[in-house]
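Shown next: model.cif, given as mmCIF, C-alpha atoms and all ligand atoms.
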data_input
loop_
_atom_site.group_PDB
_atom_site.id
_atom_site.type_symbol
_atom_site.label_atom_id
_atom_site.label_comp_id
_atom_site.auth_asym_id
_atom_site.auth_seq_id
_atom_site.Cartn_x
_atom_site.Cartn_y
_atom_site.Cartn_z
ATOM 1 C CA MET A 15 -5.879 16.009 -22.485
ATOM 2 C CA THR A 16 -3.806 14.128 -25.085
ATOM 3 C CA VAL A 17 -2.382 10.667 -24.387
ATOM 4 C CA PHE A 18 1.076 12.219 -24.008
ATOM 5 C CA GLU A 19 -0.165 14.880 -21.541
ATOM 6 C CA THR A 20 -2.015 12.235 -19.541
ATOM 7 C CA GLN A 21 1.127 10.094 -19.397
ATOM 8 C CA GLN A 22 3.254 13.075 -18.302
ATOM 9 C CA GLU A 23 0.803 13.908 -15.525
ATOM 10 C CA ILE A 24 0.801 10.276 -14.325
ATOM 11 C CA LEU A 25 4.614 10.235 -14.258
ATOM 12 C CA ARG A 26 4.748 13.529 -12.344
ATOM 13 C CA LEU A 27 2.174 12.475 -9.751
ATOM 14 C CA LYS A 28 3.536 8.994 -9.162
ATOM 15 C CA ALA A 29 6.998 10.390 -8.444
ATOM 16 C CA GLU A 30 5.522 13.023 -6.098
ATOM 17 C CA LYS A 31 3.384 10.452 -4.230
ATOM 18 C CA ASP A 32 5.913 7.569 -4.075
ATOM 19 C CA ILE A 33 3.724 5.285 -6.182
ATOM 20 C CA CYS A 34 4.920 2.246 -8.126
ATOM 21 C CA ILE A 35 2.857 1.248 -11.160
ATOM 22 C CA LEU A 36 2.950 -2.430 -12.125
ATOM 23 C CA ALA A 37 1.424 -3.522 -15.440
ATOM 24 C CA HIS A 38 0.815 -6.949 -16.898
ATOM 25 C CA SER A 39 2.013 -7.320 -20.481
ATOM 26 C CA TYR A 40 -1.610 -7.635 -21.702
ATOM 27 C CA GLN A 41 -2.196 -3.953 -20.862
ATOM 28 C CA ALA A 42 -2.406 -1.369 -23.632
ATOM 29 C CA ARG A 43 0.799 0.194 -24.900
ATOM 30 C CA GLU A 44 -0.029 3.658 -23.491
ATOM 31 C CA ILE A 45 -0.242 2.043 -20.033
ATOM 32 C CA THR A 46 2.869 -0.138 -20.273
ATOM 33 C CA GLU A 47 4.812 2.983 -21.310
ATOM 34 C CA ILE A 48 4.190 4.704 -17.952
ATOM 35 C CA ALA A 49 4.610 1.603 -15.762
ATOM 36 C CA ASP A 50 7.649 1.125 -13.536
ATOM 37 C CA PHE A 51 7.604 -2.558 -14.352
ATOM 38 C CA VAL A 52 5.870 -4.651 -17.020
ATOM 39 C CA GLY A 53 5.917 -8.428 -17.017
ATOM 40 C CA ASP A 54 4.175 -11.772 -16.889
ATOM 41 C CA SER A 55 2.430 -13.024 -13.747
ATOM 42 C CA TYR A 56 5.579 -14.586 -12.300
ATOM 43 C CA ALA A 57 7.768 -11.513 -12.802
ATOM 44 C CA LEU A 58 5.049 -9.281 -11.351
ATOM 45 C CA SER A 59 4.819 -11.476 -8.230
ATOM 46 C CA VAL A 60 8.567 -11.421 -7.674
ATOM 47 C CA LYS A 61 8.653 -7.651 -8.259
ATOM 48 C CA ALA A 62 5.715 -7.171 -5.886
ATOM 49 C CA ALA A 63 7.804 -8.430 -2.989
ATOM 50 C CA GLN A 64 10.699 -6.098 -3.823
ATOM 51 C CA VAL A 65 9.326 -2.652 -4.679
ATOM 52 C CA PRO A 66 10.221 -0.011 -2.059
ATOM 53 C CA ASN A 67 7.245 2.328 -2.660
ATOM 54 C CA LYS A 68 4.448 2.813 -0.099
ATOM 55 C CA THR A 69 1.729 2.510 -2.739
ATOM 56 C CA VAL A 70 1.459 0.042 -5.603
ATOM 57 C CA ILE A 71 -1.040 0.514 -8.421
ATOM 58 C CA MET A 72 -1.807 -2.634 -10.411
ATOM 59 C CA CYS A 73 -2.820 -2.360 -14.064
ATOM 60 C CA GLY A 74 -3.992 -5.903 -14.584
ATOM 61 C CA VAL A 75 -6.595 -8.165 -13.016
ATOM 62 C CA ARG A 76 -7.658 -8.770 -9.415
ATOM 63 C CA PHE A 77 -5.562 -11.850 -8.601
ATOM 64 C CA MET A 78 -2.433 -9.891 -9.558
ATOM 65 C CA ALA A 79 -3.293 -7.055 -7.154
ATOM 66 C CA GLU A 80 -4.133 -9.613 -4.456
ATOM 67 C CA THR A 81 -0.718 -11.228 -4.914
ATOM 68 C CA VAL A 82 0.963 -7.865 -4.270
ATOM 69 C CA LYS A 83 -1.113 -7.323 -1.111
ATOM 70 C CA ILE A 84 -0.435 -10.860 0.139
ATOM 71 C CA LEU A 85 3.316 -10.302 -0.206
ATOM 72 C CA SER A 86 3.372 -6.674 0.985
ATOM 73 C CA PRO A 87 0.561 -6.101 3.504
ATOM 74 C CA GLU A 88 2.111 -2.867 4.746
ATOM 75 C CA LYS A 89 1.685 -1.287 1.304
ATOM 76 C CA ARG A 90 -1.424 0.354 -0.047
ATOM 77 C CA VAL A 91 -2.322 -1.754 -3.095
ATOM 78 C CA ILE A 92 -4.823 -0.396 -5.589
ATOM 79 C CA LEU A 93 -6.395 -2.225 -8.517
ATOM 80 C CA VAL A 94 -7.100 0.491 -11.082
ATOM 81 C CA ASN A 95 -10.401 -0.943 -12.243
ATOM 82 C CA GLY A 96 -12.207 -3.035 -9.633
ATOM 83 C CA ASP A 97 -14.216 -4.789 -12.355
ATOM 84 C CA ALA A 98 -11.067 -6.346 -13.813
ATOM 85 C CA GLY A 99 -11.352 -9.948 -12.690
ATOM 86 C CA CYS A 100 -10.024 -13.136 -14.228
ATOM 87 C CA PRO A 101 -12.928 -15.542 -14.921
ATOM 88 C CA MET A 102 -10.602 -18.531 -14.517
ATOM 89 C CA ALA A 103 -9.569 -17.342 -11.033
ATOM 90 C CA GLU A 104 -13.174 -17.606 -9.878
ATOM 91 C CA GLN A 105 -14.056 -20.967 -11.447
ATOM 92 C CA MET A 106 -13.407 -23.046 -8.314
ATOM 93 C CA ASP A 107 -14.208 -22.481 -4.667
ATOM 94 C CA VAL A 108 -12.810 -23.664 -1.351
ATOM 95 C CA ASP A 109 -15.517 -26.348 -0.861
ATOM 96 C CA LEU A 110 -14.721 -27.977 -4.201
ATOM 97 C CA ILE A 111 -10.993 -28.078 -3.460
ATOM 98 C CA GLU A 112 -11.632 -29.503 0.018
ATOM 99 C CA GLN A 113 -13.745 -32.250 -1.574
ATOM 100 C CA LEU A 114 -11.043 -32.994 -4.151
ATOM 101 C CA LYS A 115 -8.423 -33.147 -1.396
ATOM 102 C CA ALA A 116 -10.553 -35.605 0.563
ATOM 103 C CA MET A 117 -10.855 -37.781 -2.574
ATOM 104 C CA ASN A 118 -7.106 -37.591 -3.293
ATOM 105 C CA ASP A 119 -5.442 -38.209 0.016
ATOM 106 C CA GLY A 120 -1.744 -37.296 0.068
ATOM 107 C CA PHE A 121 -1.850 -35.233 -3.121
ATOM 108 C CA LYS A 122 -0.309 -31.736 -3.035
ATOM 109 C CA VAL A 123 -2.590 -29.098 -4.516
ATOM 110 C CA VAL A 124 -0.732 -26.952 -7.046
ATOM 111 C CA ALA A 125 -2.673 -23.824 -7.988
ATOM 112 C CA TYR A 126 -2.135 -21.688 -11.037
ATOM 113 C CA ILE A 127 -1.605 -18.151 -9.720
ATOM 114 C CA ASN A 128 -4.817 -17.225 -11.570
ATOM 115 C CA THR A 129 -6.840 -18.087 -8.437
ATOM 116 C CA THR A 130 -8.460 -15.958 -5.722
ATOM 117 C CA ALA A 131 -6.648 -15.279 -2.429
ATOM 118 C CA GLU A 132 -9.346 -17.336 -0.706
ATOM 119 C CA LEU A 133 -8.725 -20.354 -2.928
ATOM 120 C CA LYS A 134 -4.981 -20.109 -2.348
ATOM 121 C CA THR A 135 -5.610 -20.701 1.374
ATOM 122 C CA VAL A 136 -6.397 -24.379 0.656
ATOM 123 C CA CYS A 137 -3.588 -24.934 -1.875
ATOM 124 C CA ASP A 138 0.016 -25.957 -1.252
ATOM 125 C CA VAL A 139 2.076 -24.361 -4.011
ATOM 126 C CA CYS A 140 1.373 -21.695 -6.629
ATOM 127 C CA VAL A 141 2.765 -21.707 -10.157
ATOM 128 C CA THR A 142 2.595 -19.429 -13.178
ATOM 129 C CA SER A 143 2.778 -20.415 -16.824
ATOM 130 C CA SER A 144 6.473 -19.542 -16.997
ATOM 131 C CA SER A 145 7.439 -21.315 -13.772
ATOM 132 C CA ALA A 146 5.087 -24.333 -13.545
ATOM 133 C CA VAL A 147 7.391 -27.001 -15.012
ATOM 134 C CA LYS A 148 10.408 -25.866 -12.989
ATOM 135 C CA ILE A 149 8.427 -25.665 -9.741
ATOM 136 C CA ILE A 150 6.663 -29.016 -10.120
ATOM 137 C CA ASN A 151 9.959 -30.709 -10.956
ATOM 138 C CA ALA A 152 11.530 -29.071 -7.892
ATOM 139 C CA MET A 153 8.775 -30.323 -5.560
ATOM 140 C CA PRO A 154 9.758 -33.453 -3.619
ATOM 141 C CA GLU A 155 6.211 -34.847 -3.873
ATOM 142 C CA LYS A 156 5.126 -37.013 -6.813
ATOM 143 C CA ASP A 157 1.319 -36.879 -6.458
ATOM 144 C CA ILE A 158 -0.073 -33.547 -7.579
ATOM 145 C CA LEU A 159 -3.567 -32.166 -8.073
ATOM 146 C CA PHE A 160 -3.280 -29.286 -10.541
ATOM 147 C CA ILE A 161 -5.994 -26.593 -10.541
ATOM 148 C CA PRO A 162 -7.779 -24.814 -12.273
ATOM 149 C CA ASP A 163 -6.387 -24.761 -15.838
ATOM 150 C CA ILE A 164 -6.684 -28.123 -17.597
ATOM 151 C CA ASN A 165 -4.722 -26.870 -20.632
ATOM 152 C CA LEU A 166 -1.714 -25.580 -18.714
ATOM 153 C CA GLY A 167 -2.034 -28.710 -16.558
ATOM 154 C CA THR A 168 -1.898 -30.953 -19.638
ATOM 155 C CA TYR A 169 1.194 -29.116 -20.845
ATOM 156 C CA VAL A 170 2.894 -29.453 -17.436
ATOM 157 C CA ASN A 171 1.908 -33.124 -17.214
ATOM 158 C CA ARG A 172 3.701 -33.848 -20.499
ATOM 159 C CA GLN A 173 6.785 -31.927 -19.389
ATOM 160 C CA CYS A 174 6.991 -33.689 -16.007
ATOM 161 C CA PRO A 175 6.737 -37.426 -16.828
ATOM 162 C CA ASP A 176 8.060 -38.467 -13.403
ATOM 163 C CA LYS A 177 5.104 -36.877 -11.607
ATOM 164 C CA ASN A 178 1.606 -38.246 -11.074
ATOM 165 C CA ILE A 179 -0.522 -35.220 -11.981
ATOM 166 C CA LYS A 180 -4.320 -35.163 -11.747
ATOM 167 C CA LEU A 181 -6.155 -32.371 -13.555
ATOM 168 C CA VAL A 182 -9.513 -30.686 -13.084
ATOM 169 C CA SER A 183 -11.610 -29.107 -15.770
ATOM 170 C CA GLY A 184 -11.155 -25.334 -15.687
ATOM 171 C CA GLY A 185 -9.537 -22.863 -18.045
ATOM 172 C CA CYS A 186 -9.259 -19.437 -19.607
ATOM 173 C CA PRO A 187 -12.312 -18.457 -21.665
ATOM 174 C CA THR A 188 -10.175 -16.196 -23.860
ATOM 175 C CA HIS A 189 -7.477 -18.730 -24.790
ATOM 176 C CA CYS A 190 -10.119 -21.474 -25.200
ATOM 177 C CA ARG A 191 -11.625 -19.539 -28.109
ATOM 178 C CA VAL A 192 -8.937 -20.841 -30.466
ATOM 179 C CA SER A 193 -8.787 -24.349 -31.906
ATOM 180 C CA SER A 194 -6.804 -26.394 -34.432
ATOM 181 C CA LYS A 195 -8.971 -24.785 -37.163
ATOM 182 C CA HIS A 196 -7.388 -21.402 -36.385
ATOM 183 C CA VAL A 197 -3.942 -23.011 -36.463
ATOM 184 C CA GLU A 198 -4.597 -24.629 -39.864
ATOM 185 C CA LYS A 199 -5.841 -21.351 -41.345
ATOM 186 C CA ALA A 200 -3.038 -19.220 -39.892
ATOM 187 C CA ARG A 201 -0.363 -21.723 -41.030
ATOM 188 C CA ALA A 202 -1.890 -21.758 -44.543
ATOM 189 C CA ASP A 203 -2.135 -17.946 -44.671
ATOM 190 C CA HIS A 204 1.418 -17.412 -43.341
ATOM 191 C CA PRO A 205 3.527 -20.417 -44.342
ATOM 192 C CA ASN A 206 6.819 -18.763 -43.335
ATOM 193 C CA ALA A 207 5.688 -17.706 -39.872
ATOM 194 C CA LEU A 208 6.569 -19.429 -36.581
ATOM 195 C CA LEU A 209 3.649 -20.226 -34.276
ATOM 196 C CA LEU A 210 4.123 -19.070 -30.665
ATOM 197 C CA VAL A 211 1.417 -20.185 -28.219
ATOM 198 C CA HIS A 212 0.459 -19.666 -24.563
ATOM 199 C CA PRO A 213 -0.140 -22.980 -22.725
ATOM 200 C CA GLU A 214 -3.580 -21.754 -21.621
ATOM 201 C CA CYS A 215 -4.692 -22.649 -25.171
ATOM 202 C CA MET A 216 -6.030 -26.149 -25.810
ATOM 203 C CA PRO A 217 -3.419 -28.867 -26.539
ATOM 204 C CA GLU A 218 -4.609 -29.054 -30.173
ATOM 205 C CA VAL A 219 -3.394 -25.455 -30.525
ATOM 206 C CA TRP A 220 0.046 -25.788 -28.884
ATOM 207 C CA GLU A 221 0.863 -29.400 -29.778
ATOM 208 C CA ASN A 222 2.544 -28.422 -33.047
ATOM 209 C CA ALA A 223 3.617 -24.907 -32.082
ATOM 210 C CA ASP A 224 7.180 -23.713 -32.625
ATOM 211 C CA TYR A 225 7.283 -22.271 -29.111
ATOM 212 C CA ILE A 226 5.051 -22.673 -26.031
ATOM 213 C CA GLY A 227 5.388 -20.211 -23.171
ATOM 214 C CA SER A 228 4.150 -17.364 -21.016
ATOM 215 C CA THR A 229 3.485 -13.853 -22.300
ATOM 216 C CA SER A 230 7.059 -12.794 -21.487
ATOM 217 C CA GLY A 231 8.406 -16.062 -22.876
ATOM 218 C CA ILE A 232 6.632 -15.487 -26.197
ATOM 219 C CA MET A 233 7.909 -11.905 -26.378
ATOM 220 C CA GLY A 234 11.465 -12.911 -25.521
ATOM 221 C CA PHE A 235 11.455 -15.744 -28.078
ATOM 222 C CA ALA A 236 10.129 -13.505 -30.891
ATOM 223 C CA LYS A 237 12.646 -10.761 -30.160
ATOM 224 C CA LYS A 238 15.638 -13.122 -30.156
ATOM 225 C CA SER A 239 14.537 -15.259 -33.121
ATOM 226 C CA GLU A 240 16.135 -14.910 -36.540
ATOM 227 C CA ALA A 241 12.716 -15.530 -38.122
ATOM 228 C CA LYS A 242 10.824 -12.601 -39.599
ATOM 229 C CA GLU A 243 7.166 -13.643 -39.268
ATOM 230 C CA PHE A 244 5.228 -14.937 -36.264
ATOM 231 C CA ILE A 245 1.684 -16.080 -35.498
ATOM 232 C CA ILE A 246 0.891 -15.155 -31.906
ATOM 233 C CA GLY A 247 -1.369 -17.503 -29.943
ATOM 234 C CA THR A 248 -2.135 -15.411 -26.886
ATOM 235 C CA GLU A 249 -3.964 -12.186 -26.022
ATOM 236 C CA ASN A 250 -3.693 -9.820 -28.961
ATOM 237 C CA SER A 251 -2.020 -6.984 -27.051
ATOM 238 C CA ILE A 252 1.162 -9.068 -27.363
ATOM 239 C CA VAL A 253 0.887 -8.739 -31.161
ATOM 240 C CA GLU A 254 0.716 -4.955 -30.758
ATOM 241 C CA HIS A 255 3.662 -4.771 -28.320
ATOM 242 C CA LEU A 256 5.850 -7.026 -30.451
ATOM 243 C CA GLN A 257 5.052 -5.114 -33.636
ATOM 244 C CA TYR A 258 6.048 -1.911 -31.881
ATOM 245 C CA ASP A 259 9.265 -3.371 -30.410
ATOM 246 C CA CYS A 260 10.323 -5.225 -33.587
ATOM 247 C CA PRO A 261 9.405 -3.052 -36.595
ATOM 248 C CA ASP A 262 11.502 -5.231 -38.932
ATOM 249 C CA LYS A 263 9.355 -8.326 -38.190
ATOM 250 C CA ILE A 264 5.676 -9.119 -38.851
ATOM 251 C CA PHE A 265 3.260 -10.442 -36.240
ATOM 252 C CA TYR A 266 -0.146 -11.986 -36.972
ATOM 253 C CA PRO A 267 -2.827 -12.791 -34.373
ATOM 254 C CA LEU A 268 -3.802 -16.480 -34.341
ATOM 255 C CA SER A 269 -7.373 -15.174 -34.093
ATOM 256 C CA LYS A 270 -8.949 -11.734 -33.767
ATOM 257 C CA SER A 271 -11.059 -13.193 -30.946
ATOM 258 C CA LEU A 272 -8.040 -13.532 -28.633
ATOM 259 C CA VAL A 273 -9.002 -10.490 -26.572
ATOM 260 C CA CYS A 274 -9.373 -10.583 -22.784
ATOM 261 C CA GLN A 275 -12.012 -7.969 -21.917
ATOM 262 C CA ASN A 276 -10.907 -8.012 -18.299
ATOM 263 C CA MET A 277 -7.379 -7.027 -19.241
ATOM 264 C CA LYS A 278 -8.668 -4.394 -21.645
ATOM 265 C CA ILE A 279 -11.067 -2.716 -19.211
ATOM 266 C CA THR A 280 -8.349 -0.521 -17.644
ATOM 267 C CA THR A 281 -7.747 2.785 -19.459
ATOM 268 C CA LEU A 282 -5.043 5.445 -19.253
ATOM 269 C CA PRO A 283 -7.479 8.130 -17.949
ATOM 270 C CA GLU A 284 -8.455 5.663 -15.193
ATOM 271 C CA VAL A 285 -4.781 5.228 -14.278
ATOM 272 C CA LEU A 286 -4.471 9.028 -13.999
ATOM 273 C CA ALA A 287 -7.603 9.212 -11.847
ATOM 274 C CA CYS A 288 -6.181 6.412 -9.691
ATOM 275 C CA VAL A 289 -2.852 8.184 -9.210
ATOM 276 C CA LYS A 290 -4.793 11.332 -8.235
ATOM 277 C CA GLY A 291 -6.721 9.304 -5.642
ATOM 278 C CA ASP A 292 -10.112 9.597 -7.352
ATOM 279 C CA PHE A 293 -10.463 6.067 -8.721
ATOM 280 C CA GLY A 294 -9.450 2.475 -8.079
ATOM 281 C CA GLU A 295 -10.151 -0.209 -5.505
ATOM 282 C CA ASP A 296 -8.011 -0.607 -2.399
ATOM 283 C CA ILE A 297 -7.249 -4.294 -1.983
ATOM 284 C CA GLU A 298 -8.009 -5.534 1.533
ATOM 285 C CA ILE A 299 -7.359 -9.105 2.662
ATOM 286 C CA ASP A 300 -7.983 -10.246 6.225
ATOM 287 C CA GLU A 301 -4.814 -11.355 8.011
ATOM 288 C CA GLU A 302 -5.822 -15.016 8.424
ATOM 289 C CA THR A 303 -6.563 -15.387 4.697
ATOM 290 C CA ARG A 304 -3.406 -13.480 3.770
ATOM 291 C CA LEU A 305 -1.100 -15.641 5.877
ATOM 292 C CA LYS A 306 -2.617 -18.906 4.600
ATOM 293 C CA ALA A 307 -2.532 -17.715 0.962
ATOM 294 C CA LYS A 308 1.021 -16.433 1.366
ATOM 295 C CA LYS A 309 2.341 -19.933 2.148
ATOM 296 C CA CYS A 310 1.703 -21.168 -1.380
ATOM 297 C CA ILE A 311 3.097 -17.991 -2.997
ATOM 298 C CA ASP A 312 6.215 -18.270 -0.808
ATOM 299 C CA LYS A 313 6.612 -21.879 -1.999
ATOM 300 C CA MET A 314 6.335 -20.686 -5.587
ATOM 301 C CA ILE A 315 9.133 -18.173 -5.080
ATOM 302 C CA GLU A 316 11.240 -20.727 -3.149
ATOM 303 C CA TYR A 317 10.960 -23.458 -5.839
ATOM 304 C CA GLY A 318 10.928 -21.061 -8.791
ATOM 305 C CA GLY A 319 13.740 -18.751 -7.686
HETATM 306 P P1 LIG A 401 1.320 -15.022 -17.886
HETATM 307 O O1 LIG A 401 1.741 -15.740 -16.682
HETATM 308 O O2 LIG A 401 1.877 -15.570 -19.143
HETATM 309 O O3 LIG A 401 1.538 -13.566 -17.734
HETATM 310 O O4 LIG A 401 -0.243 -15.241 -18.059
HETATM 311 C C1 LIG A 401 -1.170 -14.527 -17.336
HETATM 312 C C2 LIG A 401 -2.484 -14.663 -17.909
HETATM 313 O O5 LIG A 401 -3.468 -14.276 -17.355
HETATM 314 C C3 LIG A 401 -2.548 -15.332 -19.174
HETATM 315 O O6 LIG A 401 -3.817 -15.388 -19.604
HETATM 316 FE FE1 LIG A 402 -7.784 -14.580 -17.006
HETATM 317 FE FE2 LIG A 402 -7.633 -15.563 -19.463
HETATM 318 FE FE3 LIG A 402 -7.837 -12.948 -19.116
HETATM 319 FE FE4 LIG A 402 -5.581 -14.224 -18.491
HETATM 320 S S1 LIG A 402 -6.462 -13.975 -20.503
HETATM 321 S S2 LIG A 402 -6.634 -12.687 -17.249
HETATM 322 S S3 LIG A 402 -6.397 -16.171 -17.723
HETATM 323 S S4 LIG A 402 -9.371 -14.505 -18.555
#
Reformat the file's structure so that it appears as structure tokens.
Amino acid sequence: MTVFETQQEILRLKAEKDICILAHSYQAREITEIADFVGDSYALSVKAAQVPNKTVIMCGVRFMAETVKILSPEKRVILVNGDAGCPMAEQMDVDLIEQLKAMNDGFKVVAYINTTAELKTVCDVCVTSSSAVKIINAMPEKDILFIPDINLGTYVNRQCPDKNIKLVSGGCPTHCRVSSKHVEKARADHPNALLLVHPECMPEVWENADYIGSTSGIMGFAKKSEAKEFIIGTENSIVEHLQYDCPDKIFYPLSKSLVCQNMKITTLPEVLACVKGDFGEDIEIDEETRLKAKKCIDKMIEYGG
């Protein structure tokens, strides 16, 4: 089957079976083309609560599928490839957060959405990279414990000077692969290009960037900008999508190593098999966990809306 035939079959079957396909913007082009909605983590969460379909297929990583299930328990939610996890989401466990809470009495725990459903049960508010500053500024509390991404946390801390934010040492192994050395080389190789960076990178990477933002933020900025050349400091699928969407501009990866294997594991043939009912993992979350985890996602939507 060609890529086009596979896509046509997916489109036919998903319409027949009342399936909605959600895809994170790090997915391959051939997958984003057949998705009903493509976006960053925040947009996917908001969409998850709104889609009318009985079944939702997530092309992304586990925490994204869990978010859909937490918000829409009546739906069947399927993660296309059950091996697609986010290493950052699993860096901290409930015991550690309970200990940190005991050591920081009165602090509100703000969790990056890249956390497991179980971890969300002991957190107060969720944020995503595109909504973190707005949400933390909207929170009435001043004392905040931000988990698990120290780089995003550092960025938020600088943007919210009125808050007292404590950070813990976690982060994204993909975005942590780039350093100021990559920035120096890319700037020297492409002196006319703007540098657009995801805040999951280390501060030395985004400190002198021309734009800092989420995957959708980076794409939106590049599309609107008058500039013609851009160095992209996030997962390299964004370079591919932007090059496709903006053929009159040039996009360079900050580093060839900016590849998230977990995001890349899902393939178009797997999506077809999933739509047929032969592949994929049904997401199940027990009701107690779901209700506790939902509180901090609801807060995210309330403060971020
Ligand atoms: P966004 O919120 O920018 O989509 O980021 C998700 C992610 O996993 C980035 O590594
Ligand atoms: Fe997780 Fe990093 Fe991959 Fe995003 S890029 S899914 S944070 S490992």
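Separating CA of Cys215 (chain A) from CA of Ala98 (chain A) is a distance of 20.9 Å.
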Quick one: residues within 8 Å of Ser59 (chain A), only C-alpha atoms counted, chain neighbours fewer than 6 positions away excluded, as a ChimeraX atom specification?
-> /A:78,81-82
Name all residues at most 12 Å from region 235-240 of chain A (count all atoms listed in the file; drop same-chain ones fewer than 4 positions away) and give them as a list in words.
-> Ala207, Leu208, Leu209, Leu210, Val211, Asp224, Tyr225, Ile226, Gly227, Ser228, Thr229, Ser230, Gly231, Phe244, Ile245, Ile246, Ile252, Val253, His255, Leu256, Gln257, Tyr258, Asp259, Cys260, Pro261, Asp262, Lys263, Ile264 and Phe265 of chain A
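Near ligand LIG 402 (chain A), the residues found within 7 Å are Val75, Cys100, Pro101, Met102, Ala103, Asn128, Cys186, Pro187, Thr188, His189, Glu249, Cys274, Asn276 and Met277 of chain A (criterion computed using only C-alpha atoms and all ligand atoms).
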Residues within 6 Å of ligand LIG 401 (chain A), counting all atoms listed in the file: report them as a VMD selection string.
-> chain A and resid 54 to 56 142 to 143 228 to 229
Determine, counting all atoms listed in the file, which protein, DNA and RNA residues have an atom within 9 Å of an atom of Asn250 (chain A); residues of the same chain fewer than 5 positions away are not included. Present the result as a PyMOL selection string.
-> chain A and resi 40+255+267-274
Would you kindly return, as a PyMOL selection string, each protein, DNA or RNA residue with an atom no farther than 10 Å from any atom of Val136 (chain A), considering all atoms listed in the file and excluding same-chain residues fewer than 2 positions away?
-> chain A and resi 107-109+111-112+115+123-125+131-134+138-139+303+306-307+309-310
Just say which residues the PyMOL selection byres (((chain A and resi 53) around 7) and not hetatm) picks in this file, as number ranges by chain.
-> A: 37-39, 51-52, 54-55, 57-58, 230
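Taking CA of Val91 (chain A) and CA of Ile297 (chain A) as endpoints, the distance between them is 5.7 Å.
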Contacts of Val197 (chain A) at 10 Å (all atoms listed in the file; same-chain gap of 4+ positions) as a ChimeraX atom specification | /A:192-193,201-203,209,218-220,222-223,245,247,268-269
Name every residue that the PyMOL selection byres (((chain A and resi 151) around 10) and not hetatm) selects in this structure, writing the answer as an MDAnalysis selection string with chains first and numbers rising.
-> chainID A and resid 146:150 152:156 170 173:177 317:318
Prev. selection, C-alpha atoms, output as a compact mmCIF listing (two decimals), in the coordinates of the input:
# COMPACT_ATOMS: atom_id res chain seq x y z
CA ALA A 146 5.09 -24.33 -13.54
CA VAL A 147 7.39 -27.00 -15.01
CA LYS A 148 10.41 -25.87 -12.99
CA ILE A 149 8.43 -25.66 -9.74
CA ILE A 150 6.66 -29.02 -10.12
CA ALA A 152 11.53 -29.07 -7.89
CA MET A 153 8.78 -30.32 -5.56
CA PRO A 154 9.76 -33.45 -3.62
CA GLU A 155 6.21 -34.85 -3.87
CA LYS A 156 5.13 -37.01 -6.81
CA VAL A 170 2.89 -29.45 -17.44
CA GLN A 173 6.78 -31.93 -19.39
CA CYS A 174 6.99 -33.69 -16.01
CA PRO A 175 6.74 -37.43 -16.83
CA ASP A 176 8.06 -38.47 -13.40
CA LYS A 177 5.10 -36.88 -11.61
CA TYR A 317 10.96 -23.46 -5.84
CA GLY A 318 10.93 -21.06 -8.79
Check which residues satisfy the PyMOL selection byres (((chain A and resi 89) around 9) and not hetatm) in the file shown, then give them as JSON, numbers by chain.
-> {"A": [67, 68, 69, 70, 82, 83, 86, 87, 88, 90, 91]}
Output C-alpha atoms of each residue in that selection to a file, as a compact mmCIF listing (two decimals), keeping the file's coordinate frame.
# COMPACT_ATOMS: atom_id res chain seq x y z
CA ASN A 67 7.24 2.33 -2.66
CA LYS A 68 4.45 2.81 -0.10
CA THR A 69 1.73 2.51 -2.74
CA VAL A 70 1.46 0.04 -5.60
CA VAL A 82 0.96 -7.86 -4.27
CA LYS A 83 -1.11 -7.32 -1.11
CA SER A 86 3.37 -6.67 0.98
CA PRO A 87 0.56 -6.10 3.50
CA GLU A 88 2.11 -2.87 4.75
CA ARG A 90 -1.42 0.35 -0.05
CA VAL A 91 -2.32 -1.75 -3.10
